[in-house]
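*Asks:* Contents of model36.pdb (PDB, C-alpha atoms) are below:
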MODEL        1
ATOM      1  CA  MET A   1      43.085 133.237 109.685
ATOM      2  CA  GLN A   2      45.762 131.235 107.977
ATOM      3  CA  THR A   3      45.235 127.646 107.021
ATOM      4  CA  PRO A   4      48.145 125.264 107.288
ATOM      5  CA  SER A   5      49.700 124.497 103.970
ATOM      6  CA  SER A   6      48.914 121.084 102.638
ATOM      7  CA  PRO A   7      51.768 118.618 102.277
ATOM      8  CA  ALA A   8      53.333 118.020  98.903
ATOM      9  CA  PRO A   9      51.258 115.634  96.779
ATOM     10  CA  ASN A  10      54.037 113.047  96.624
ATOM     11  CA  SER A  11      54.837 113.046 100.332
ATOM     12  CA  ILE A  12      53.966 109.374 100.846
ATOM     13  CA  ALA A  13      55.982 108.389  97.770
ATOM     14  CA  VAL A  14      58.935 110.388  99.078
ATOM     15  CA  LEU A  15      58.630 108.688 102.468
ATOM     16  CA  LYS A  16      58.451 105.294 100.795
ATOM     17  CA  TRP A  17      61.678 105.733  98.849
ATOM     18  CA  ALA A  18      63.491 107.589 101.639
ATOM     19  CA  PHE A  19      62.891 104.741 104.070
ATOM     20  CA  LEU A  20      63.962 102.171 101.469
ATOM     21  CA  GLY A  21      67.189 104.115 101.056
ATOM     22  CA  ALA A  22      67.631 104.208 104.823
ATOM     23  CA  ILE A  23      67.165 100.439 105.033
ATOM     24  CA  LEU A  24      69.808  99.836 102.374
ATOM     25  CA  ILE A  25      72.275 102.336 103.856
ATOM     26  CA  VAL A  26      71.929 101.113 107.445
ATOM     27  CA  THR A  27      72.291  97.484 106.375
ATOM     28  CA  GLY A  28      75.336  98.332 104.252
ATOM     29  CA  VAL A  29      76.959 100.282 107.085
ATOM     30  CA  GLY A  30      76.456  97.341 109.443
ATOM     31  CA  PHE A  31      77.835  94.880 106.892
ATOM     32  CA  PHE A  32      80.975  96.872 106.146
ATOM     33  CA  LEU A  33      81.589  98.404 109.594
ATOM     34  CA  GLY A  34      81.008  95.300 111.728
ATOM     35  CA  PRO A  35      84.210  93.384 110.897
ATOM     36  CA  HIS A  36      86.381  96.391 111.751
ATOM     37  CA  LEU A  37      85.210  96.697 115.353
ATOM     38  CA  GLU A  38      85.994  95.006 118.632
ATOM     39  CA  PRO A  39      83.208  92.601 119.755
ATOM     40  CA  SER A  40      81.494  93.504 123.005
ATOM     41  CA  LEU A  41      79.496  90.269 123.451
ATOM     42  CA  GLU A  42      80.719  86.823 124.432
ATOM     43  CA  ASP A  43      80.265  83.870 122.076
ATOM     44  CA  ASP A  44      77.010  82.452 123.437
ATOM     45  CA  MET A  45      75.499  85.823 124.240
ATOM     46  CA  ARG A  46      75.791  87.094 120.662
ATOM     47  CA  TYR A  47      73.396  84.402 119.438
ATOM     48  CA  VAL A  48      70.924  85.018 122.238
ATOM     49  CA  PHE A  49      71.046  88.778 121.645
ATOM     50  CA  GLY A  50      70.631  88.280 117.892
ATOM     51  CA  GLY A  51      67.640  85.998 118.422
ATOM     52  CA  VAL A  52      66.011  88.454 120.794
ATOM     53  CA  LEU A  53      66.503  91.357 118.374
ATOM     54  CA  PHE A  54      65.154  89.340 115.443
ATOM     55  CA  THR A  55      62.108  88.296 117.476
ATOM     56  CA  VAL A  56      61.490  91.923 118.438
ATOM     57  CA  GLY A  57      61.797  92.947 114.791
ATOM     58  CA  VAL A  58      59.305  90.355 113.550
ATOM     59  CA  SER A  59      56.814  90.944 116.361
ATOM     60  CA  SER A  60      56.908  94.734 115.985
ATOM     61  CA  LEU A  61      56.271  94.473 112.238
ATOM     62  CA  LEU A  62      53.326  92.141 112.806
ATOM     63  CA  LEU A  63      51.920  94.298 115.600
ATOM     64  CA  VAL A  64      52.146  97.493 113.572
ATOM     65  CA  ARG A  65      50.762  95.962 110.387
ATOM     66  CA  TYR A  66      47.818  94.106 111.918
ATOM     67  CA  VAL A  67      46.942  96.240 114.978
ATOM     68  CA  VAL A  68      48.328  99.775 114.862
ATOM     69  CA  LEU A  69      47.859 100.678 111.199
ATOM     70  CA  PRO A  70      44.276  99.379 110.878
ATOM     71  CA  ALA A  71      43.368 101.292 114.045
ATOM     72  CA  MET A  72      44.931 104.456 112.628
ATOM     73  CA  ALA A  73      43.241 103.997 109.240
ATOM     74  CA  SER A  74      39.821 103.486 110.822
ATOM     75  CA  HIS A  75      40.056 106.800 112.657
ATOM     76  CA  SER A  76      38.134 109.436 110.709
ATOM     77  CA  GLY A  77      40.731 112.154 111.249
ATOM     78  CA  ALA A  78      43.744 110.077 110.320
ATOM     79  CA  LYS A  79      46.123 111.784 107.957
ATOM     80  CA  PRO A  80      47.654 109.562 105.279
ATOM     81  CA  GLN A  81      51.077 111.054 105.994
ATOM     82  CA  ALA A  82      50.874 109.929 109.631
ATOM     83  CA  ILE A  83      49.906 106.416 108.598
ATOM     84  CA  GLY A  84      52.697 106.285 106.019
ATOM     85  CA  THR A  85      55.319 107.651 108.389
ATOM     86  CA  THR A  86      54.380 105.153 111.083
ATOM     87  CA  ALA A  87      54.357 102.248 108.648
ATOM     88  CA  TYR A  88      57.695 102.975 107.012
ATOM     89  CA  ALA A  89      59.440 103.927 110.264
ATOM     90  CA  PHE A  90      58.556 100.595 111.808
ATOM     91  CA  ALA A  91      59.567  98.812 108.595
ATOM     92  CA  GLU A  92      63.031 100.393 108.866
ATOM     93  CA  ALA A  93      63.548  99.443 112.520
ATOM     94  CA  PRO A  94      64.871  95.880 111.930
ATOM     95  CA  ALA A  95      67.706  97.300 109.802
ATOM     96  CA  THR A  96      68.728  99.419 112.790
ATOM     97  CA  TYR A  97      68.620  96.328 115.014
ATOM     98  CA  GLY A  98      70.949  94.623 112.537
ATOM     99  CA  LEU A  99      73.372  97.540 112.681
ATOM    100  CA  VAL A 100      73.407  97.349 116.484
ATOM    101  CA  LEU A 101      74.018  93.601 116.381
ATOM    102  CA  ALA A 102      76.802  93.946 113.792
ATOM    103  CA  ILE A 103      78.512  96.549 115.972
ATOM    104  CA  MET A 104      78.158  94.521 119.179
ATOM    105  CA  THR A 105      79.305  91.233 117.658
ATOM    106  CA  ALA A 106      81.877  92.650 115.191
ATOM    107  CA  GLU A 107      80.325  90.447 112.505
ATOM    108  CA  GLY A 108      79.089  92.353 109.482
ATOM    109  CA  TRP A 109      77.041  89.482 108.111
ATOM    110  CA  ALA A 110      74.749  89.783 111.154
ATOM    111  CA  ALA A 111      73.181  92.910 109.613
ATOM    112  CA  LEU A 112      72.048  91.058 106.474
ATOM    113  CA  PRO A 113      69.114  89.011 107.893
ATOM    114  CA  PHE A 114      67.824  92.144 109.595
ATOM    115  CA  GLY A 115      68.108  94.083 106.357
ATOM    116  CA  ALA A 116      66.133  91.346 104.607
ATOM    117  CA  LEU A 117      63.489  91.488 107.347
ATOM    118  CA  ALA A 118      63.309  95.269 106.949
ATOM    119  CA  LEU A 119      62.831  94.881 103.182
ATOM    120  CA  VAL A 120      59.999  92.417 103.743
ATOM    121  CA  GLY A 121      58.447  94.843 106.234
ATOM    122  CA  TRP A 122      58.868  97.709 103.756
ATOM    123  CA  LEU A 123      57.106  95.726 101.022
ATOM    124  CA  THR A 124      54.322  94.734 103.404
ATOM    125  CA  MET A 125      53.789  98.308 104.561
ATOM    126  CA  SER A 126      53.923  99.597 100.993
ATOM    127  CA  ASN A 127      51.217  97.138  99.935
ATOM    128  CA  TYR A 128      49.080  98.118 102.918
ATOM    129  CA  ILE A 129      49.403 101.860 102.212
ATOM    130  CA  THR A 130      48.525 101.264  98.549
ATOM    131  CA  SER A 131      45.480  99.205  99.498
ATOM    132  CA  ILE A 132      44.073 101.802 101.915
ATOM    133  CA  GLN A 133      44.615 104.569  99.364
ATOM    134  CA  ALA A 134      42.819 102.546  96.675
ATOM    135  CA  ALA A 135      39.914 101.804  99.019
ATOM    136  CA  ALA A 136      39.605 105.405 100.191
ATOM    137  CA  PRO A 137      36.559 107.475  99.304
ATOM    138  CA  VAL A 138      36.898 109.982  96.504
ATOM    139  CA  ASP A 139      37.436 112.925  98.855
ATOM    140  CA  PHE A 140      40.409 111.178 100.512
ATOM    141  CA  PRO A 141      43.652 112.748  99.269
ATOM    142  CA  ARG A 142      45.419 110.189  97.132
ATOM    143  CA  LEU A 143      49.109 110.767  97.631
TER     144      LEU A 143
ENDMDL
END
Could you write out this structure as structure tokens?

*Replies:*
Amino acid sequence: MQTPSSPAPNSIAVLKWAFLGAILIVTGVGFFLGPHLEPSLEDDMRYVFGGVLFTVGVSSLLLVRYVVLPAMASHSGAKPQAIGTTAYAFAEAPATYGLVLAIMTAEGWAALPFGALALVGWLTMSNYITSIQAAAPVDFPRL
């Protein structure tokens, strides 16, 4: 009977830096690509759409940080890689919203507040992952 190979010891650290790179790249693409496109939203609608996307970004970060991740961490069979992947994936999401808004409005600057929100989410998730690893029992794999 074969046992599944264990993940690389630095898998959470790799995820952490990979998602930070993704946040920076997606925000940069939105900033530089946006002005070169044709806008697909009318003047008033671009502000409404931007506000809705920003609200979704903030609320999803709060929901994941204060509801989803603690529920995952309290589960006895939770793998640290699953918690880390969930945390950093949701932290990166606002940068993607900013890219979508920059493309739809043809305004590159619109990606910047979303990139900043994604960075704040990334820092928040990173602090949470560090705190649950520090509080873990000795037999918990510290990655």

*Asks:* Hey, what comes out of the PyMOL selection byres ((chain A and resi 40) around 12) on this file? Could you write it as a list in words?

*Replies:*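 Evaluating the PyMOL selection byres ((chain A and resi 40) around 12) on these coordinates yields Gly34, Leu37, Glu38, Pro39, Leu41, Glu42, Asp43, Asp44, Met45, Arg46, Phe49, Val100, Leu101, Ala102, Ile103, Met104, Thr105, Ala106 and Glu107 of chain A.
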
*Asks:* Name every residue that the PyMOL selection byres ((chain A and resi 53) around 12) selects in this structure, writing the answer as a ChimeraX atom specification with chains first and numbers rising.

*Replies:* /A:46-52,54-60,93-102,110-111,113-114,117

*Asks:* Please determine, counting all atoms listed in the file, which residue among A:Phe31, A:Tyr88, A:Tyr66, A:Trp109 has the shortest atom-to-atom distance to Ala13 (chain A).

*Replies:*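 Using all atoms listed in the file, the shortest distance to Ala13 (chain A) belongs to A:Tyr88.
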
*Asks:* Mind telling me what the PyMOL selection byres ((chain A and resi 64) around 12) catches here, as a ChimeraX atom specification?

*Replies:* /A:56-63,65-73,83-91,93,121-122,124-125,128

*Asks:* Quick one: distance from CA of Gln133 (chain A) to CA of Trp17 (chain A) in Å, one decimal?

*Replies:*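 Rounded to one decimal, the two atoms are 17.1 Å apart.
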